[in-house]
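Text of query.csv, listed as CSV, C-alpha atoms:
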```csv
chain,number,residue,atom,x,y,z
I,1,MET,CA,199.3,-50.1,137.8
I,2,SER,CA,196.1,-52.3,137.7
I,3,LYS,CA,193.0,-50.9,139.3
I,4,GLN,CA,191.1,-52.8,142.0
I,5,GLN,CA,188.0,-54.6,140.6
I,6,GLU,CA,184.7,-54.0,142.3
I,7,ALA,CA,183.0,-57.1,143.5
I,8,LEU,CA,179.5,-57.8,142.1
I,9,GLU,CA,177.9,-57.8,145.5
I,10,ASP,CA,179.5,-54.4,146.2
I,11,ALA,CA,178.2,-52.8,143.1
I,12,HIS,CA,175.4,-50.2,143.6
I,13,LYS,CA,173.3,-51.4,140.8
I,14,PHE,CA,173.4,-55.0,142.1
I,15,ARG,CA,172.6,-54.0,145.7
I,16,TYR,CA,169.8,-51.8,144.5
I,17,TRP,CA,168.3,-54.5,142.3
I,18,LYS,CA,168.6,-57.1,145.0
I,19,SER,CA,167.0,-54.8,147.7
I,20,GLN,CA,164.1,-54.0,145.3
I,21,ALA,CA,163.5,-57.6,144.4
I,22,GLU,CA,163.5,-58.7,148.0
I,23,ALA,CA,161.2,-55.8,149.0
I,24,ASN,CA,158.8,-57.0,146.3
I,25,GLY,CA,158.7,-60.5,147.8
I,26,LEU,CA,161.3,-62.5,146.0
I,27,LYS,CA,163.2,-65.1,148.0
I,28,ILE,CA,166.6,-65.2,146.4
I,29,ASN,CA,168.3,-68.5,146.9
I,30,SER,CA,171.4,-68.2,144.7
I,31,ILE,CA,172.9,-66.0,142.0
I,32,LYS,CA,175.5,-67.2,139.4
I,33,ASP,CA,177.4,-64.7,137.4
I,34,PHE,CA,178.4,-65.8,133.9
I,35,TYR,CA,180.0,-62.6,132.7
I,36,ILE,CA,180.9,-59.2,134.2
I,37,ARG,CA,181.9,-56.2,132.2
I,38,ARG,CA,183.8,-53.5,134.2
I,39,ARG,CA,184.7,-49.9,133.5
I,40,TYR,CA,188.3,-48.9,133.1
I,41,ASN,CA,188.3,-48.0,136.8
I,42,GLY,CA,187.2,-51.5,137.9
I,43,GLU,CA,183.5,-50.6,138.6
I,44,VAL,CA,180.8,-53.1,137.5
I,45,LEU,CA,179.2,-51.9,134.2
I,46,PHE,CA,177.1,-54.9,133.2
I,47,ALA,CA,176.6,-58.4,134.3
I,48,MET,CA,174.9,-61.6,133.0
I,49,LEU,CA,173.4,-63.4,135.9
I,50,GLU,CA,171.3,-66.5,136.6
I,51,VAL,CA,169.0,-66.0,139.5
I,52,ASP,CA,167.4,-68.8,141.5
I,53,ALA,CA,164.5,-67.1,143.3
I,54,ASP,CA,161.0,-68.0,144.5
I,55,THR,CA,158.0,-65.6,144.1
I,56,PRO,CA,155.5,-64.9,146.9
I,57,GLU,CA,153.1,-67.0,144.9
I,58,GLY,CA,155.3,-70.1,145.3
I,59,ASP,CA,156.7,-70.1,141.7
I,60,LYS,CA,160.2,-69.8,140.3
I,61,ILE,CA,161.0,-66.5,138.7
I,62,PRO,CA,162.4,-66.7,135.1
I,63,PRO,CA,166.1,-66.8,135.9
I,64,ALA,CA,167.9,-64.8,133.3
I,65,LEU,CA,169.0,-61.3,134.3
I,66,PHE,CA,171.0,-58.8,132.4
I,67,LEU,CA,172.1,-56.4,135.1
I,68,LYS,CA,172.4,-52.9,133.7
I,69,GLY,CA,171.1,-50.4,136.2
I,70,HIS,CA,169.4,-47.2,135.4
I,71,ALA,CA,170.0,-44.7,132.6
I,72,ALA,CA,168.9,-41.3,131.5
I,73,SER,CA,167.8,-40.4,127.9
I,74,MET,CA,167.4,-36.8,126.7
I,75,LEU,CA,165.7,-35.1,123.8
I,76,VAL,CA,167.7,-32.0,122.8
I,77,CYS,CA,165.6,-29.5,120.9
I,78,LEU,CA,167.4,-26.6,119.2
I,79,ILE,CA,165.0,-23.8,118.0
I,80,ASP,CA,166.0,-21.5,115.1
I,81,LYS,CA,165.7,-17.9,116.5
I,82,ALA,CA,164.6,-16.5,113.1
I,83,THR,CA,162.2,-19.1,111.9
I,84,ARG,CA,161.2,-20.9,115.1
I,85,GLU,CA,161.8,-24.2,113.3
I,86,LYS,CA,162.8,-27.0,115.7
I,87,PHE,CA,165.6,-29.5,115.3
I,88,VAL,CA,166.8,-32.4,117.5
I,89,VAL,CA,170.3,-33.6,117.9
I,90,LEU,CA,170.8,-37.4,117.7
I,91,VAL,CA,173.9,-39.5,118.1
I,92,LYS,CA,174.9,-42.1,115.6
I,93,GLN,CA,176.9,-45.1,116.6
I,94,ARG,CA,177.2,-48.8,115.8
I,95,ARG,CA,175.2,-51.1,118.2
I,96,ILE,CA,175.3,-54.8,118.8
I,97,ALA,CA,171.6,-55.3,118.5
I,98,ASP,CA,172.0,-55.9,114.8
I,99,GLY,CA,175.4,-54.5,114.1
I,100,SER,CA,174.1,-51.4,112.3
I,101,GLN,CA,174.7,-47.7,112.7
I,102,THR,CA,171.9,-46.6,114.9
I,103,TYR,CA,170.4,-43.1,115.6
I,104,GLU,CA,169.6,-42.4,119.3
I,105,HIS,CA,169.2,-39.6,121.7
I,106,PRO,CA,172.0,-38.7,124.0
I,107,ALA,CA,171.9,-41.1,127.0
I,108,GLY,CA,174.0,-42.3,129.9
I,109,MET,CA,174.1,-44.6,132.8
I,110,VAL,CA,173.0,-43.5,136.3
I,111,ASP,CA,175.7,-44.7,138.7
I,112,ALA,CA,175.8,-45.0,142.4
I,113,SER,CA,176.5,-41.4,143.4
I,114,ASP,CA,174.6,-39.7,140.5
I,115,ALA,CA,171.3,-38.0,140.3
I,116,PRO,CA,169.5,-38.7,137.0
I,117,ASP,CA,169.4,-35.0,136.0
I,118,ASP,CA,173.1,-34.6,136.7
I,119,VAL,CA,173.8,-37.6,134.4
I,120,ALA,CA,171.5,-36.0,131.7
I,121,ALA,CA,173.3,-32.7,131.8
I,122,ARG,CA,176.7,-34.3,131.7
I,123,GLU,CA,176.0,-36.7,128.9
I,124,ILE,CA,174.6,-34.0,126.7
I,125,GLY,CA,177.9,-32.2,127.1
I,126,GLU,CA,179.9,-35.3,126.4
I,127,GLU,CA,177.9,-36.8,123.5
I,128,ILE,CA,177.0,-33.7,121.5
I,129,GLY,CA,179.1,-30.9,123.0
I,130,LEU,CA,176.2,-28.7,124.3
I,131,VAL,CA,176.8,-27.3,127.8
I,132,VAL,CA,173.6,-27.4,129.9
I,133,THR,CA,172.7,-27.1,133.5
I,134,THR,CA,170.2,-29.3,135.4
I,135,ASN,CA,167.7,-26.5,135.9
I,136,GLU,CA,167.3,-26.3,132.1
I,137,LEU,CA,166.1,-29.9,131.9
I,138,THR,CA,162.5,-31.0,132.2
I,139,ARG,CA,161.7,-34.5,133.4
I,140,LEU,CA,159.1,-36.4,131.3
I,141,ASN,CA,158.4,-39.5,133.5
I,142,PRO,CA,157.4,-39.2,137.1
I,143,HIS,CA,159.4,-42.3,138.2
I,144,VAL,CA,161.7,-44.8,136.6
I,145,TRP,CA,160.2,-46.9,133.8
I,146,PHE,CA,161.5,-50.4,132.8
I,147,PRO,CA,161.9,-51.2,129.0
I,148,SER,CA,162.4,-54.9,129.4
I,149,THR,CA,161.0,-56.3,132.6
I,150,GLY,CA,161.4,-59.9,131.7
I,151,THR,CA,165.2,-60.0,131.4
I,152,SER,CA,166.7,-56.8,132.6
I,153,ASP,CA,166.7,-54.4,135.6
I,154,GLU,CA,167.4,-51.4,133.3
I,155,GLY,CA,165.3,-48.4,134.3
I,156,MET,CA,164.9,-45.2,132.2
I,157,HIS,CA,164.6,-41.6,133.2
I,158,PHE,CA,163.5,-39.2,130.3
I,159,PHE,CA,164.3,-35.5,130.0
I,160,PHE,CA,164.2,-32.8,127.4
I,161,ILE,CA,165.8,-29.4,126.9
I,162,GLU,CA,164.9,-26.6,124.5
I,163,ARG,CA,167.5,-24.0,123.5
I,164,GLU,CA,167.2,-21.1,121.0
I,165,MET,CA,170.1,-20.6,118.6
I,166,THR,CA,170.9,-19.2,115.2
I,167,ARG,CA,170.7,-21.6,112.3
I,168,ASP,CA,174.5,-21.6,111.9
I,169,GLU,CA,174.9,-22.4,115.6
I,170,ILE,CA,172.4,-25.3,115.3
I,171,MET,CA,174.1,-26.8,112.2
I,172,ALA,CA,177.5,-26.7,114.0
I,173,PHE,CA,176.2,-29.8,115.8
I,174,HIS,CA,175.7,-31.7,112.6
I,175,LEU,CA,178.3,-34.4,111.9
I,176,LYS,CA,180.5,-33.6,114.9
I,177,ASN,CA,182.8,-36.5,115.9
I,178,MET,CA,182.3,-37.3,119.5
I,179,GLY,CA,183.0,-40.4,121.7
I,180,ASN,CA,185.2,-41.9,124.4
I,181,GLN,CA,187.8,-44.4,123.4
I,182,SER,CA,188.1,-45.8,126.9
I,183,GLU,CA,184.4,-46.8,126.7
I,184,TYR,CA,184.7,-48.1,123.1
I,185,GLU,CA,182.5,-45.2,121.7
I,186,ARG,CA,182.7,-43.9,118.2
I,187,ILE,CA,179.9,-41.3,118.1
I,188,THR,CA,178.8,-38.7,115.5
I,189,SER,CA,176.1,-36.1,116.3
I,190,VAL,CA,173.4,-35.6,113.7
I,191,VAL,CA,170.9,-32.7,113.4
I,192,SER,CA,167.4,-33.4,112.0
I,193,THR,CA,163.8,-32.3,112.4
I,194,LEU,CA,161.7,-34.4,114.7
I,195,PRO,CA,159.7,-36.1,112.0
I,196,GLU,CA,163.0,-37.0,110.3
I,197,ALA,CA,164.4,-38.2,113.5
I,198,HIS,CA,161.4,-40.4,114.1
I,199,LYS,CA,162.2,-42.2,110.8
I,200,LEU,CA,165.9,-42.7,111.7
I,201,VAL,CA,165.5,-43.9,115.3
I,202,THR,CA,164.8,-47.6,115.9
I,203,ASN,CA,165.4,-47.5,119.7
I,204,VAL,CA,162.1,-47.9,121.5
I,205,ASN,CA,163.2,-45.5,124.2
I,206,GLY,CA,163.9,-42.9,121.6
I,207,LEU,CA,160.6,-43.3,119.9
I,208,LEU,CA,158.8,-43.0,123.2
I,209,LEU,CA,160.8,-39.9,124.0
I,210,HIS,CA,159.4,-38.2,120.9
I,211,PHE,CA,155.8,-38.8,122.0
I,212,LEU,CA,156.5,-37.8,125.6
I,213,TYR,CA,158.1,-34.5,124.5
I,214,LEU,CA,155.3,-33.6,122.0
I,215,LYS,CA,152.6,-34.5,124.5
I,216,HIS,CA,154.3,-32.3,127.2
I,217,ILE,CA,154.5,-29.2,125.0
I,218,GLY,CA,151.1,-29.9,123.4
I,219,ASP,CA,152.3,-30.1,119.8
I,220,TYR,CA,149.8,-32.6,118.5
I,221,GLU,CA,150.2,-31.4,114.9
I,222,THR,CA,153.8,-32.6,114.8
I,223,MET,CA,152.7,-35.8,116.6
I,224,LYS,CA,150.4,-36.5,113.6
I,225,LEU,CA,153.5,-36.5,111.3
I,226,LEU,CA,155.3,-39.2,113.2
```
Produce structure tokens that represent the structure in this file.
Amino acid sequence: MSKQQEALEDAHKFRYWKSQAEANGLKINSIKDFYIRRRYNGEVLFAMLEVDADTPEGDKIPPALFLKGHAASMLVCLIDKATREKFVVLVKQRRIADGSQTYEHPAGMVDASDAPDDVAAREIGEEIGLVVTTNELTRLNPHVWFPSTGTSDEGMHFFFIEREMTRDEIMAFHLKNMGNQSEYERITSVVSTLPEAHKLVTNVNGLLLHFLYLKHIGDYETMKLL
């Protein structure tokens, strides 16, 4: 049985973006949608839009908008109980930016009824198989940050978690096959040290996450190695 498709104007991320834009003074005259990607349940996932809007200064705002909504990204630090050596768990998957296999931190989209920390805890479980609770997470940015303000509404929430384990327990997360076929995901988890991870990661959000984490814990010696 086919699922009912959510209309763009009913989508939480669209309504939130529009309300914020209008609150900041944009006069939206019209919106054209060129492409909408929906989840398996019919909810709007992404949309390519052309926005005709006037700024408070009397200009036209650049019209291209990739509607994505907000997301959470998490640094997972596993600490060897015996040696105190730290490892991070990345996820490897192929991305359309250049078609390559990329290394990223676990992340997930923050949808209408979700709190960012709930998404963070859930996605860590789904993407690397580590069960965590929200009270174990530490937030690293005081409010949402925008990676690409010129063309997208995407806003990021950053978190980290530290967990002590034996070396065998840590390495059990290395090269685990994860992913969700309904979302076209083919994910493998990868364990590395943070300096190694910094060489592997090409996602700007991930690189920023390394510095935010190290600054938060005051580990400036490791920061020098990045």
One residue among I:Arg15, I:His210, I:Arg38, I:His70 is nearest to I:His143 when using all atoms listed in the file, and that residue is I:His70
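In this comparison, which uses only C-alpha atoms, the residue of I:Arg139, I:Arg95, I:Ser189, I:Thr102 approaching I:Glu126 most closely is I:Ser189.
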| request: Could you jot down the atom CA of I:Lys18 to atom CA of I:Asp117 separation for me, Å, one decimal place? | output: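 Taking atom CA of I:Lys18 as the start and atom CA of I:Asp117 as the end point, the length is 23.9 Å.
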Practice prompt. For atom CA of I:Leu78 and atom CA of I:Glu169, determine how far apart the two atoms are, in Å to one decimal place.
Written response: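 These atoms are spaced 9.3 Å apart.
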Query raised in the report: What is the atom CA of I:Trp17 to atom CA of I:Glu154 distance in Å?
Result: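 Answer for the atom CA of I:Trp17 to atom CA of I:Glu154 separation: 9.6 Å.
Proximity to I:Ser113 was assessed for I:Ala11, I:Leu209, I:Ile161, I:Val88 counting only C-alpha atoms; the smallest distance is recorded for I:Ala11.
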Judged by only C-alpha atoms, the minimum distance to I:Thr188 among I:Glu43, I:Asp114, I:Glu127, I:Glu162 is found for I:Glu127
- Skipping near chain neighbours, those fewer than 6 positions away, what residues fall within 12 Å of I:Thr166 using all atoms listed in the file, listed as a ChimeraX atom specification? /I:78-87,172-173
Restricting to only C-alpha atoms, whichever of I:Pro147, I:Pro116, I:Pro106, I:Gly155 is closest to I:Leu130 is I:Pro106
For I:Ile217, the closest of I:Val44, I:Met171, I:Thr138, I:Val201 counting all atoms listed in the file is I:Thr138
What's the 7 Å shell around stretch 89-91 of chain I, counting all atoms listed in the file, without same-chain residues fewer than 5 positions away, as a short mmCIF file (atom, residue, chain, number, x, y, z; two decimals) with C-alpha atoms, in the frame of the given file?
```cif
data_model
loop_
_atom_site.label_atom_id
_atom_site.label_comp_id
_atom_site.auth_asym_id
_atom_site.auth_seq_id
_atom_site.Cartn_x
_atom_site.Cartn_y
_atom_site.Cartn_z
CA VAL I 76 167.70 -32.00 122.80
CA CYS I 77 165.60 -29.50 120.90
CA TYR I 103 170.40 -43.10 115.60
CA GLU I 104 169.60 -42.40 119.30
CA HIS I 105 169.20 -39.60 121.70
CA PRO I 106 172.00 -38.70 124.00
CA ILE I 187 179.90 -41.30 118.10
CA THR I 188 178.80 -38.70 115.50
CA SER I 189 176.10 -36.10 116.30
CA VAL I 190 173.40 -35.60 113.70
CA VAL I 191 170.90 -32.70 113.40
CA SER I 192 167.40 -33.40 112.00
#
```
Completion step: stretch 185-209 of chain I with N, CA, C and O atoms as a PDB file, in the coordinates of the input:
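Okay, this is what ended up in selection_16.pdb:
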```
ATOM      1  N   GLU I 185     183.554 -46.008 122.404  1.00  0.00           N
ATOM      2  CA  GLU I 185     182.500 -45.200 121.700  1.00  0.00           C
ATOM      3  C   GLU I 185     183.105 -44.543 120.509  1.00  0.00           C
ATOM      4  O   GLU I 185     184.174 -43.962 120.549  1.00  0.00           O
ATOM      5  N   ARG I 186     182.379 -44.623 119.394  1.00  0.00           N
ATOM      6  CA  ARG I 186     182.700 -43.900 118.200  1.00  0.00           C
ATOM      7  C   ARG I 186     181.348 -43.199 117.803  1.00  0.00           C
ATOM      8  O   ARG I 186     180.474 -43.827 117.191  1.00  0.00           O
ATOM      9  N   ILE I 187     181.179 -41.952 118.185  1.00  0.00           N
ATOM     10  CA  ILE I 187     179.900 -41.300 118.100  1.00  0.00           C
ATOM     11  C   ILE I 187     179.982 -40.084 117.137  1.00  0.00           C
ATOM     12  O   ILE I 187     180.951 -39.326 117.160  1.00  0.00           O
ATOM     13  N   THR I 188     178.957 -39.919 116.316  1.00  0.00           N
ATOM     14  CA  THR I 188     178.800 -38.700 115.500  1.00  0.00           C
ATOM     15  C   THR I 188     177.444 -38.117 115.773  1.00  0.00           C
ATOM     16  O   THR I 188     176.427 -38.821 115.812  1.00  0.00           O
ATOM     17  N   SER I 189     177.412 -36.799 116.007  1.00  0.00           N
ATOM     18  CA  SER I 189     176.100 -36.100 116.300  1.00  0.00           C
ATOM     19  C   SER I 189     175.481 -35.763 114.939  1.00  0.00           C
ATOM     20  O   SER I 189     176.147 -35.444 113.955  1.00  0.00           O
ATOM     21  N   VAL I 190     174.142 -35.816 114.922  1.00  0.00           N
ATOM     22  CA  VAL I 190     173.400 -35.600 113.700  1.00  0.00           C
ATOM     23  C   VAL I 190     172.191 -34.675 114.038  1.00  0.00           C
ATOM     24  O   VAL I 190     171.463 -34.919 115.008  1.00  0.00           O
ATOM     25  N   VAL I 191     172.001 -33.629 113.234  1.00  0.00           N
ATOM     26  CA  VAL I 191     170.900 -32.700 113.400  1.00  0.00           C
ATOM     27  C   VAL I 191     169.784 -33.029 112.427  1.00  0.00           C
ATOM     28  O   VAL I 191     170.043 -33.228 111.237  1.00  0.00           O
ATOM     29  N   SER I 192     168.545 -33.108 112.927  1.00  0.00           N
ATOM     30  CA  SER I 192     167.400 -33.400 112.000  1.00  0.00           C
ATOM     31  C   SER I 192     166.157 -32.765 112.621  1.00  0.00           C
ATOM     32  O   SER I 192     166.122 -32.374 113.796  1.00  0.00           O
ATOM     33  N   THR I 193     165.106 -32.684 111.807  1.00  0.00           N
ATOM     34  CA  THR I 193     163.800 -32.300 112.400  1.00  0.00           C
ATOM     35  C   THR I 193     163.261 -33.502 113.131  1.00  0.00           C
ATOM     36  O   THR I 193     163.729 -34.633 112.965  1.00  0.00           O
ATOM     37  N   LEU I 194     162.257 -33.268 113.945  1.00  0.00           N
ATOM     38  CA  LEU I 194     161.700 -34.400 114.700  1.00  0.00           C
ATOM     39  C   LEU I 194     161.063 -35.445 113.889  1.00  0.00           C
ATOM     40  O   LEU I 194     161.289 -36.638 114.111  1.00  0.00           O
ATOM     41  N   PRO I 195     160.251 -35.083 112.880  1.00  0.00           N
ATOM     42  CA  PRO I 195     159.700 -36.100 112.000  1.00  0.00           C
ATOM     43  C   PRO I 195     160.784 -36.945 111.303  1.00  0.00           C
ATOM     44  O   PRO I 195     160.650 -38.170 111.161  1.00  0.00           O
ATOM     45  N   GLU I 196     161.863 -36.289 110.884  1.00  0.00           N
ATOM     46  CA  GLU I 196     163.000 -37.000 110.300  1.00  0.00           C
ATOM     47  C   GLU I 196     163.637 -37.938 111.284  1.00  0.00           C
ATOM     48  O   GLU I 196     163.990 -39.079 110.971  1.00  0.00           O
ATOM     49  N   ALA I 197     163.811 -37.430 112.493  1.00  0.00           N
ATOM     50  CA  ALA I 197     164.400 -38.200 113.500  1.00  0.00           C
ATOM     51  C   ALA I 197     163.598 -39.465 113.840  1.00  0.00           C
ATOM     52  O   ALA I 197     164.138 -40.548 114.101  1.00  0.00           O
ATOM     53  N   HIS I 198     162.276 -39.314 113.780  1.00  0.00           N
ATOM     54  CA  HIS I 198     161.400 -40.400 114.100  1.00  0.00           C
ATOM     55  C   HIS I 198     161.562 -41.570 113.064  1.00  0.00           C
ATOM     56  O   HIS I 198     161.347 -42.739 113.383  1.00  0.00           O
ATOM     57  N   LYS I 199     161.935 -41.224 111.834  1.00  0.00           N
ATOM     58  CA  LYS I 199     162.200 -42.200 110.800  1.00  0.00           C
ATOM     59  C   LYS I 199     163.549 -42.893 111.004  1.00  0.00           C
ATOM     60  O   LYS I 199     163.743 -44.053 110.643  1.00  0.00           O
ATOM     61  N   LEU I 200     164.505 -42.150 111.562  1.00  0.00           N
ATOM     62  CA  LEU I 200     165.900 -42.700 111.700  1.00  0.00           C
ATOM     63  C   LEU I 200     165.999 -43.543 112.975  1.00  0.00           C
ATOM     64  O   LEU I 200     166.742 -44.529 112.967  1.00  0.00           O
ATOM     65  N   VAL I 201     165.295 -43.176 114.044  1.00  0.00           N
ATOM     66  CA  VAL I 201     165.500 -43.900 115.300  1.00  0.00           C
ATOM     67  C   VAL I 201     164.733 -45.198 115.321  1.00  0.00           C
ATOM     68  O   VAL I 201     163.564 -45.284 114.929  1.00  0.00           O
ATOM     69  N   THR I 202     165.430 -46.254 115.738  1.00  0.00           N
ATOM     70  CA  THR I 202     164.800 -47.600 115.900  1.00  0.00           C
ATOM     71  C   THR I 202     164.805 -48.028 117.351  1.00  0.00           C
ATOM     72  O   THR I 202     164.274 -49.084 117.666  1.00  0.00           O
ATOM     73  N   ASN I 203     165.396 -47.248 118.233  1.00  0.00           N
ATOM     74  CA  ASN I 203     165.400 -47.500 119.700  1.00  0.00           C
ATOM     75  C   ASN I 203     164.072 -47.162 120.264  1.00  0.00           C
ATOM     76  O   ASN I 203     163.609 -46.026 120.119  1.00  0.00           O
ATOM     77  N   VAL I 204     163.418 -48.112 120.926  1.00  0.00           N
ATOM     78  CA  VAL I 204     162.100 -47.900 121.500  1.00  0.00           C
ATOM     79  C   VAL I 204     162.081 -46.726 122.473  1.00  0.00           C
ATOM     80  O   VAL I 204     161.141 -45.919 122.521  1.00  0.00           O
ATOM     81  N   ASN I 205     163.139 -46.609 123.276  1.00  0.00           N
ATOM     82  CA  ASN I 205     163.200 -45.500 124.200  1.00  0.00           C
ATOM     83  C   ASN I 205     163.199 -44.158 123.494  1.00  0.00           C
ATOM     84  O   ASN I 205     162.565 -43.198 123.943  1.00  0.00           O
ATOM     85  N   GLY I 206     163.890 -44.088 122.368  1.00  0.00           N
ATOM     86  CA  GLY I 206     163.900 -42.900 121.600  1.00  0.00           C
ATOM     87  C   GLY I 206     162.594 -42.507 120.979  1.00  0.00           C
ATOM     88  O   GLY I 206     162.174 -41.343 120.965  1.00  0.00           O
ATOM     89  N   LEU I 207     161.903 -43.516 120.456  1.00  0.00           N
ATOM     90  CA  LEU I 207     160.600 -43.300 119.900  1.00  0.00           C
ATOM     91  C   LEU I 207     159.596 -42.818 120.930  1.00  0.00           C
ATOM     92  O   LEU I 207     158.796 -41.894 120.701  1.00  0.00           O
ATOM     93  N   LEU I 208     159.656 -43.440 122.098  1.00  0.00           N
ATOM     94  CA  LEU I 208     158.800 -43.000 123.200  1.00  0.00           C
ATOM     95  C   LEU I 208     159.105 -41.587 123.612  1.00  0.00           C
ATOM     96  O   LEU I 208     158.199 -40.791 123.893  1.00  0.00           O
ATOM     97  N   LEU I 209     160.372 -41.230 123.622  1.00  0.00           N
ATOM     98  CA  LEU I 209     160.800 -39.900 124.000  1.00  0.00           C
ATOM     99  C   LEU I 209     160.170 -38.828 123.117  1.00  0.00           C
ATOM    100  O   LEU I 209     159.775 -37.747 123.583  1.00  0.00           O
TER     101      LEU I 209
END
```
